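> Input structure: final.txt, which contains compact mmCIF, C-alpha atoms.
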# COMPACT_ATOMS: atom_id res chain seq x y z
CA MET A 227 50.57 103.12 82.67
CA THR A 228 46.89 103.59 81.98
CA ASP A 229 47.25 106.44 79.48
CA ARG A 230 49.18 104.44 76.86
CA LYS A 231 47.40 103.83 73.59
CA LYS A 232 46.56 100.28 72.53
CA ALA A 233 47.04 98.60 69.17
CA LEU A 234 46.38 95.24 67.57
CA VAL A 235 48.68 94.10 64.77
CA THR A 236 47.65 90.98 62.86
CA GLY A 237 50.45 88.99 61.31
CA GLY A 238 52.66 90.81 63.78
CA ALA A 239 55.43 88.24 64.18
CA THR A 240 57.44 88.82 61.03
CA GLY A 241 58.06 91.22 58.14
CA ILE A 242 55.90 94.34 57.98
CA GLY A 243 53.95 93.24 61.06
CA ARG A 244 57.10 92.98 63.16
CA SER A 245 58.29 96.42 62.03
CA ALA A 246 54.86 97.87 62.80
CA VAL A 247 54.88 96.36 66.31
CA LEU A 248 58.27 97.88 67.09
CA ALA A 249 57.35 101.26 65.59
CA LEU A 250 54.18 101.35 67.69
CA ALA A 251 56.18 100.41 70.80
CA ARG A 252 58.61 103.27 70.15
CA ALA A 253 55.63 105.61 69.82
CA GLY A 254 54.29 104.64 73.23
CA PHE A 255 51.67 102.06 72.33
CA ASP A 256 50.94 98.77 74.06
CA ILE A 257 50.47 96.08 71.42
CA ALA A 258 48.49 92.89 70.97
CA ILE A 259 50.50 90.77 68.54
CA ASN A 260 48.45 88.33 66.51
CA TYR A 261 50.12 85.44 64.71
CA GLY A 262 49.00 82.39 62.81
CA SER A 263 51.79 79.84 63.25
CA SER A 264 54.96 81.81 64.08
CA ALA A 265 54.76 81.47 67.86
CA LYS A 266 58.51 81.75 68.47
CA ALA A 267 58.85 84.85 66.28
CA ALA A 268 55.81 86.42 67.98
CA GLU A 269 57.37 85.94 71.41
CA GLU A 270 60.65 87.38 70.20
CA VAL A 271 59.07 90.55 68.82
CA ALA A 272 56.98 90.83 72.00
CA GLN A 273 60.18 90.83 74.04
CA GLU A 274 61.70 93.47 71.76
CA ALA A 275 58.60 95.64 72.18
CA GLN A 276 58.70 95.19 75.95
CA ALA A 277 62.32 96.35 75.96
CA LEU A 278 61.01 99.54 74.32
CA GLY A 279 58.53 100.03 77.18
CA ALA A 280 55.42 98.43 75.71
CA ALA A 281 53.05 96.04 77.40
CA THR A 282 52.29 93.21 75.01
CA MET A 283 50.13 90.17 74.55
CA THR A 284 50.58 87.47 71.90
CA LEU A 285 47.42 85.97 70.45
CA GLN A 286 47.33 82.99 68.11
CA CYS A 287 44.38 83.24 65.74
CA ASP A 288 43.58 82.33 62.15
CA VAL A 289 41.99 85.56 60.96
CA SER A 290 39.83 83.65 58.47
CA ASP A 291 38.02 82.01 61.42
CA ASP A 292 35.37 84.49 62.59
CA ALA A 293 34.72 82.77 65.93
CA ALA A 294 38.44 82.80 66.71
CA VAL A 295 38.68 86.45 65.68
CA ARG A 296 35.85 87.42 67.99
CA GLN A 297 37.45 85.51 70.84
CA MET A 298 40.73 87.32 70.19
CA LEU A 299 39.02 90.70 70.41
CA ALA A 300 37.16 89.58 73.55
CA THR A 301 40.53 88.80 75.15
CA ILE A 302 41.80 92.26 74.26
CA ASP A 303 38.59 93.82 75.59
CA ALA A 304 38.95 92.01 78.90
CA ALA A 305 42.55 93.15 79.29
CA TRP A 306 42.44 96.70 77.93
CA GLY A 307 38.83 97.70 77.32
CA HIS A 308 39.59 99.61 74.13
CA LEU A 309 41.79 99.87 71.04
CA ASP A 310 43.16 102.98 69.39
CA THR A 311 44.72 101.36 66.33
CA LEU A 312 44.26 98.23 64.25
CA VAL A 313 46.87 97.17 61.71
CA ASN A 314 45.46 94.46 59.42
CA ASN A 315 48.66 92.88 58.16
CA ALA A 316 47.97 89.12 58.23
CA GLY A 317 48.30 87.71 54.75
CA THR A 318 49.14 84.68 52.67
CA THR A 319 49.69 83.79 49.05
CA ALA A 320 49.43 80.87 46.66
CA ASN A 321 51.92 78.88 44.61
CA TRP A 322 51.94 79.10 40.86
CA LYS A 323 54.12 79.11 37.77
CA VAL A 324 54.17 82.59 36.25
CA LYS A 325 51.73 82.96 33.33
CA ASP A 326 50.55 79.33 33.72
CA LEU A 327 46.94 79.62 34.84
CA GLU A 328 46.56 75.86 35.10
CA SER A 329 49.28 75.73 37.76
CA LEU A 330 46.96 77.42 40.28
CA GLN A 331 45.24 75.21 42.82
CA MET A 332 41.80 76.56 43.64
CA ASP A 333 42.00 75.56 47.29
CA GLU A 334 44.99 77.92 47.53
CA TRP A 335 42.96 80.61 45.76
CA ASP A 336 40.21 80.21 48.36
CA ARG A 337 42.67 80.23 51.26
CA THR A 338 44.35 83.41 49.99
CA PHE A 339 41.03 85.25 49.81
CA ALA A 340 39.90 83.83 53.16
CA VAL A 341 42.93 85.26 54.95
CA ASN A 342 43.66 88.42 52.98
CA VAL A 343 40.14 89.70 52.33
CA ARG A 344 37.66 88.00 54.65
CA GLY A 345 40.20 88.09 57.46
CA THR A 346 40.74 91.82 57.05
CA PHE A 347 37.00 92.39 57.18
CA GLN A 348 36.36 90.05 60.11
CA VAL A 349 39.07 91.55 62.30
CA SER A 350 37.94 95.07 61.43
CA ARG A 351 34.30 94.27 62.19
CA ALA A 352 35.13 92.64 65.53
CA ALA A 353 37.42 95.54 66.49
CA VAL A 354 34.92 98.32 65.80
CA PRO A 355 33.34 98.40 69.30
CA LEU A 356 36.79 98.61 70.93
CA LEU A 357 38.03 101.21 68.45
CA LYS A 358 34.99 103.38 69.10
CA LYS A 359 36.10 103.52 72.75
CA GLY A 360 39.61 104.59 71.72
CA THR A 361 41.18 107.98 71.07
CA GLU A 362 41.26 109.13 67.43
CA PRO A 363 40.94 105.49 66.32
CA CYS A 364 42.14 104.26 62.97
CA ILE A 365 42.69 101.15 60.89
CA VAL A 366 45.60 100.61 58.52
CA ASN A 367 45.42 97.73 56.04
CA THR A 368 48.34 96.16 54.21
CA ALA A 369 47.60 96.08 50.49
CA SER A 370 50.22 95.77 47.73
CA ILE A 371 51.28 97.48 44.56
CA VAL A 372 50.21 94.33 42.69
CA GLY A 373 46.65 95.11 43.72
CA MET A 374 46.96 98.19 41.49
CA ARG A 375 49.02 97.03 38.51
CA PRO A 376 50.12 93.70 36.97
CA GLY A 377 53.13 91.81 38.28
CA PRO A 378 54.53 88.29 38.57
CA GLN A 379 52.80 87.53 41.85
CA PRO A 380 50.15 84.78 41.91
CA LEU A 381 46.77 85.87 40.58
CA PRO A 382 44.83 85.21 43.79
CA TYR A 383 47.32 87.29 45.79
CA SER A 384 47.09 90.23 43.40
CA ALA A 385 43.30 89.99 43.16
CA SER A 386 42.98 89.74 46.94
CA LYS A 387 45.06 92.88 47.42
CA ALA A 388 42.88 94.72 44.91
CA ALA A 389 39.94 93.60 47.05
CA VAL A 390 41.68 94.92 50.18
CA ILE A 391 41.99 98.31 48.47
CA SER A 392 38.27 98.34 47.68
CA LEU A 393 37.47 97.11 51.19
CA THR A 394 39.56 99.92 52.66
CA LYS A 395 37.53 102.52 50.83
CA MET A 396 34.22 100.89 51.74
CA LEU A 397 35.18 100.59 55.41
CA ALA A 398 36.23 104.23 55.44
CA TRP A 399 32.81 105.19 54.09
CA ASN A 400 30.97 102.97 56.55
CA LEU A 401 33.00 103.74 59.69
CA GLY A 402 33.44 107.49 59.29
CA PRO A 403 33.47 109.85 61.04
CA ASP A 404 34.35 107.74 64.08
CA ILE A 405 37.17 105.61 62.63
CA ARG A 406 39.60 106.44 59.85
CA VAL A 407 40.59 103.59 57.50
CA ASN A 408 43.55 103.71 55.12
CA ALA A 409 45.88 101.26 53.42
CA VAL A 410 49.51 101.03 52.40
CA ALA A 411 50.63 99.45 49.12
CA PRO A 412 54.29 98.45 49.26
CA GLY A 413 56.25 97.77 46.10
CA TRP A 414 58.81 95.01 45.82
CA MET A 415 60.06 94.59 49.38
CA GLU A 416 63.38 93.25 50.58
CA GLY A 417 63.20 90.09 52.69
CA ASP A 418 61.78 86.60 53.00
CA TRP A 419 58.48 87.20 51.19
CA MET A 420 60.06 88.27 47.91
CA GLU A 421 62.79 85.64 48.29
CA ARG A 422 60.05 83.02 48.25
CA MET A 423 58.36 84.68 45.28
CA LEU A 424 61.48 85.15 43.15
CA GLY A 425 63.53 82.13 44.23
CA ASP A 426 67.05 81.98 42.86
CA LYS A 427 66.41 85.11 40.76
CA TYR A 428 65.89 87.24 43.90
CA ASP A 429 69.19 89.15 43.79
CA GLN A 430 69.07 89.70 40.04
CA LEU A 431 65.48 90.88 39.87
CA MET A 432 65.58 92.97 43.04
CA GLY A 433 68.76 94.62 41.80
CA ALA A 434 67.12 95.46 38.48
CA ARG A 435 64.06 96.84 40.28
CA ALA A 436 66.24 99.01 42.54
CA LYS A 437 68.13 100.37 39.52
CA ALA A 438 64.83 101.31 37.83
CA THR A 439 63.52 103.04 40.98
CA PRO A 440 64.09 106.80 41.38
CA LEU A 441 65.25 106.32 44.99
CA LYS A 442 67.57 103.50 43.83
CA ARG A 443 66.58 100.79 46.29
CA CYS A 444 63.68 98.51 47.07
CA VAL A 445 61.24 98.91 49.92
CA THR A 446 61.95 97.60 53.43
CA ALA A 447 59.51 96.58 56.14
CA ASP A 448 60.68 99.56 58.19
CA ASP A 449 59.76 101.90 55.30
CA VAL A 450 56.24 100.51 55.39
CA ALA A 451 55.97 100.82 59.17
CA GLU A 452 57.11 104.45 58.96
CA VAL A 453 54.24 105.28 56.59
CA MET A 454 51.81 103.35 58.76
CA MET A 455 52.85 105.44 61.76
CA ASN A 456 52.27 108.64 59.79
CA LEU A 457 48.74 107.46 59.00
CA ILE A 458 48.19 106.46 62.62
CA GLN A 459 49.63 109.49 64.41
CA GLY A 460 48.85 112.24 61.93
CA MET A 461 46.97 112.84 58.69
CA ARG A 462 43.78 113.35 60.72
CA PHE A 463 41.68 114.32 57.71
CA VAL A 464 42.78 111.41 55.52
CA THR A 465 40.61 108.31 55.17
CA GLY A 466 39.86 105.84 52.40
CA GLU A 467 43.28 106.38 50.84
CA VAL A 468 46.01 104.01 49.66
CA VAL A 469 49.61 105.15 50.05
CA VAL A 470 52.02 103.59 47.55
CA ILE A 471 55.45 102.89 49.03
CA ASP A 472 57.77 101.99 46.16
CA GLY A 473 60.41 104.71 45.94
CA GLY A 474 58.68 106.23 42.92
CA PHE A 475 58.87 103.15 40.70
CA THR A 476 55.25 103.15 39.52
CA SER A 477 55.27 106.89 38.86
CA SER A 478 58.29 106.59 36.60
CA THR A 479 57.36 103.56 34.51
Take the structure from the file and write it as structure tokens.


Amino acid sequence: MTDRKKALVTGGATGIGRSAVLALARAGFDIAINYGSSAKAAEEVAQEAQALGAATMTLQCDVSDDAAVRQMLATIDAAWGHLDTLVNNAGTTANWKVKDLESLQMDEWDRTFAVNVRGTFQVSRAAVPLLKKGTEPCIVNTASIVGMRPGPQPLPYSASKAAVISLTKMLAWNLGPDIRVNAVAPGWMEGDWMERMLGDKYDQLMGARAKATPLKRCVTADDVAEVMMNLIQGMRFVTGEVVVIDGGFTSST
């Protein structure tokens, strides 16, 4: 079908990216699924999206590599000629021991910023010509609640997400009125990411966080995708905003 909208989701193989791909497919979008190293997972979510009626393409690309990013967008241009939506979800983090600044390796700091901040900018910049040919085009960036308040996450991750929030606002200013740009800031989210962050304390700490949350549970990837879809399909006069998705935790503490 030629009238289907087109989307690119970076980091689309797992977690929030996977949920966003499937939500877009249900909404009638065809989706380009970018991944860094999770080729098998990318193919699996592509097949799930196809079962929902979407045309898909899977594109391996390190978003911190500008030449590779531009080639990825050239491939999308050749196939589809336009984009209506970009979801900048690709992200990484660093290892550290909580409150031990010396435990941070600076090459991991640099890699986190290269992917999370420079990657978000590079993909957005390369996508602008295609988005301008789309219908009511928009960008949604994945930030994090730790970009807005302290938490146990590694410093470079938190600082990079604060930068994504600033970048979102600056892109909204620079790309309006043609392209809307917003971000989502999930709180503590169920799944592999927080399991890696919290280790063997995952169940204990996530349970305590859920108990302290007005809606009495932690965020899921599907919760985040639902908010993304609201920003994509509606909220036409909203740009430069960051939507916190944490069940009310930050507003009650």

> Could you name the residues that touch Ala316 (chain A) at 8 Å or less, counting all atoms listed in the file, but leaving out those on the same chain fewer than 6 positions away, as a list of chain:residue names?

A:Thr236, A:Gly237, A:Gly238, A:Gly243, A:Tyr261, A:Val289, A:Val341, A:Asn342, A:Gly345, A:Thr346

> Using only C-alpha atoms, which of the listed residues (A:Thr368, A:Thr301, A:Thr318, A:Ser245) sits closest to Ser263 (chain A)?

A:Thr318

> Between CA of Ala233 (chain A) and CA of Val247 (chain A), measure the distance and give it in Å to one decimal.

8.6 Å

> Of the residues A:Asp303, A:Asp256, A:Glu452, A:Asp310, which is the one nearest to Ile365 (chain A), using all atoms listed in the file?

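Distance minimum relative to Ile365 (chain A) lands on A:Asp310.
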
> When you draw a straight line from CA of Ser384 (chain A) to CA of Ile371 (chain A), how long is it in Å?

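If I compute the distance from CA of Ser384 (chain A) to CA of Ile371 (chain A), I get 8.5 Å.
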
> Compile the contact shell of Val464 (chain A) as JSON, numbers by chain: residues with an atom at most 9 Å away, counting only C-alpha atoms, same-chain residues fewer than 3 positions apart removed.

{"A": [406, 407, 408, 457, 460, 461, 467]}
